[in-house]
Amino acid sequence: MRFVVVIFTALGLISVAQAGGEYVTNYQDIVKKTDWKQMKTVTVELDSHSCEPDALEFKAGQPYRLVMRNISGEDKHYFTAPEFFRAIATRKVQSNKDGEIKAPYFTALEMMKSGGQLDLYFVPVKKGAYPVYCTIGDHREQGMEGKILIN
């Protein structure tokens, strides 16, 4: 009997973990029904081994434009936040130089050298706290990480 309880407990934990890890499946409906005139803009600057601000807070259901700017000279940076990207309904990502990308899901966005900018248009859906970090070289270990909170 003890073995059965352990199996059910383990299966329950796996189900919870998987449920939290799924992408927002009705993102198209959310994006279509959103009043984008109510969009708020939040800016984050990516510098050598830092993000400013290093904590971002969003309200579920509110549309946002997250402006990500690379201000670090020759270094490129990744805005890596796979759990966060699974918690939002994405409308598009727009570059300040090369156009826009319309895709339902992302795991990371790459900002090229200084002056590179990407704007993420999205609606937060799943409340929670999510890590964000740069995966290039030792950038994360040098302090290029933060958190994203959806209330």
# chains A, B, ... in the order shown; residues from 1 in each chain; ligands from 1

$ select_by_dssp --residues "region 59-151 of chain A" --states "alpha helix (DSSP H)" --output "ChimeraX atom specification"
/A:82-85

$ write_last_selection --atoms "C-alpha atoms" --output "short mmCIF file (atom, residue, chain, number, x, y, z; two decimals), in the first residue's frame"
data_model
loop_
_atom_site.label_atom_id
_atom_site.label_comp_id
_atom_site.auth_asym_id
_atom_site.auth_seq_id
_atom_site.Cartn_x
_atom_site.Cartn_y
_atom_site.Cartn_z
CA PRO A 82 11.46 29.94 -20.95
CA GLU A 83 9.05 29.68 -18.00
CA PHE A 84 7.93 33.30 -18.50
CA PHE A 85 7.38 32.77 -22.22
#

$ closest_residue --among "A:Lys126, A:His139, A:Lys97, A:Lys147" --to "Ala60 (chain A)" --atoms "only C-alpha atoms"
A:Lys126

$ closest_residue --among "A:Glu45, A:Glu74, A:Pro104, A:Asp98" --to "Asn26 (chain A)" --atoms "only C-alpha atoms"
A:Pro104

$ residues_around --residues "Val67 (chain A)" --least-positions-apart "6" --cutoff "7 Å" --atoms "only C-alpha atoms" --output "number ranges by chain"
A: 42-44, 118-120

$ residues_around --residues "Trp36 (chain A)" --least-positions-apart "3" --cutoff "12 Å" --atoms "only C-alpha atoms" --output "JSON, numbers by chain"
{"A": [30, 31, 32, 33, 39, 40, 41, 61, 62, 63, 64, 65, 91, 121, 122, 123]}

$ select_by_dssp --residues "chain A" --states "strand (DSSP E)" --output "PyMOL selection string"
chain A and resi 40-47+50-52+55-58+64-70+77-80+88-95+99-101+108-111+117-124+128-133+145-150

$ residues_around --residues "His77 (chain A)" --least-positions-apart "6" --cutoff "9 Å" --atoms "only C-alpha atoms" --output "PDB file with C-alpha atoms, in the first residue's frame"
ATOM      1  CA  LEU A  46      20.963  44.915 -21.085  1.00  0.00           C
ATOM      2  CA  ASP A  47      24.505  46.025 -20.304  1.00  0.00           C
ATOM      3  CA  SER A  48      27.757  44.176 -19.705  1.00  0.00           C
ATOM      4  CA  ASN A  70      21.316  46.274 -25.686  1.00  0.00           C
ATOM      5  CA  LEU A 109      15.352  36.502 -27.558  1.00  0.00           C
ATOM      6  CA  GLU A 110      18.779  37.645 -28.756  1.00  0.00           C
ATOM      7  CA  MET A 111      19.801  41.301 -28.838  1.00  0.00           C
ATOM      8  CA  MET A 112      22.657  41.923 -31.188  1.00  0.00           C
ATOM      9  CA  LYS A 113      25.416  44.462 -30.525  1.00  0.00           C
ATOM     10  CA  CYS A 134      21.615  35.735 -20.297  1.00  0.00           C
ATOM     11  CA  THR A 135      23.036  32.430 -21.552  1.00  0.00           C
ATOM     12  CA  ILE A 136      26.089  33.842 -23.321  1.00  0.00           C
ATOM     13  CA  HIS A 139      27.137  36.629 -18.290  1.00  0.00           C
TER      14      HIS A 139
END

$ residues_around --residues "Tyr23 (chain A)" --least-positions-apart "2" --cutoff "7 Å" --atoms "only C-alpha atoms" --output "compact mmCIF listing (two decimals) with C-alpha atoms, in the first residue's frame"
# COMPACT_ATOMS: atom_id res chain seq x y z
CA GLY A 21 5.20 24.03 -18.04
CA THR A 25 -2.80 27.37 -25.84
CA ARG A 86 5.13 29.80 -21.35
CA ALA A 87 3.06 32.08 -19.09

$ closest_residue --among "A:Phe79, A:Gly116, A:Asp138, A:Tyr133" --to "Gln94 (chain A)" --atoms "only C-alpha atoms"
A:Gly116

$ atom_distance --atom1 "CA of Pro131 (chain A)" --atom2 "CA of Tyr105 (chain A)"
16.9 Å

$ closest_residue --among "A:Ala129, A:Leu56, A:Ile101, A:Ala89" --to "Asp29 (chain A)" --atoms "only C-alpha atoms"
A:Ala89
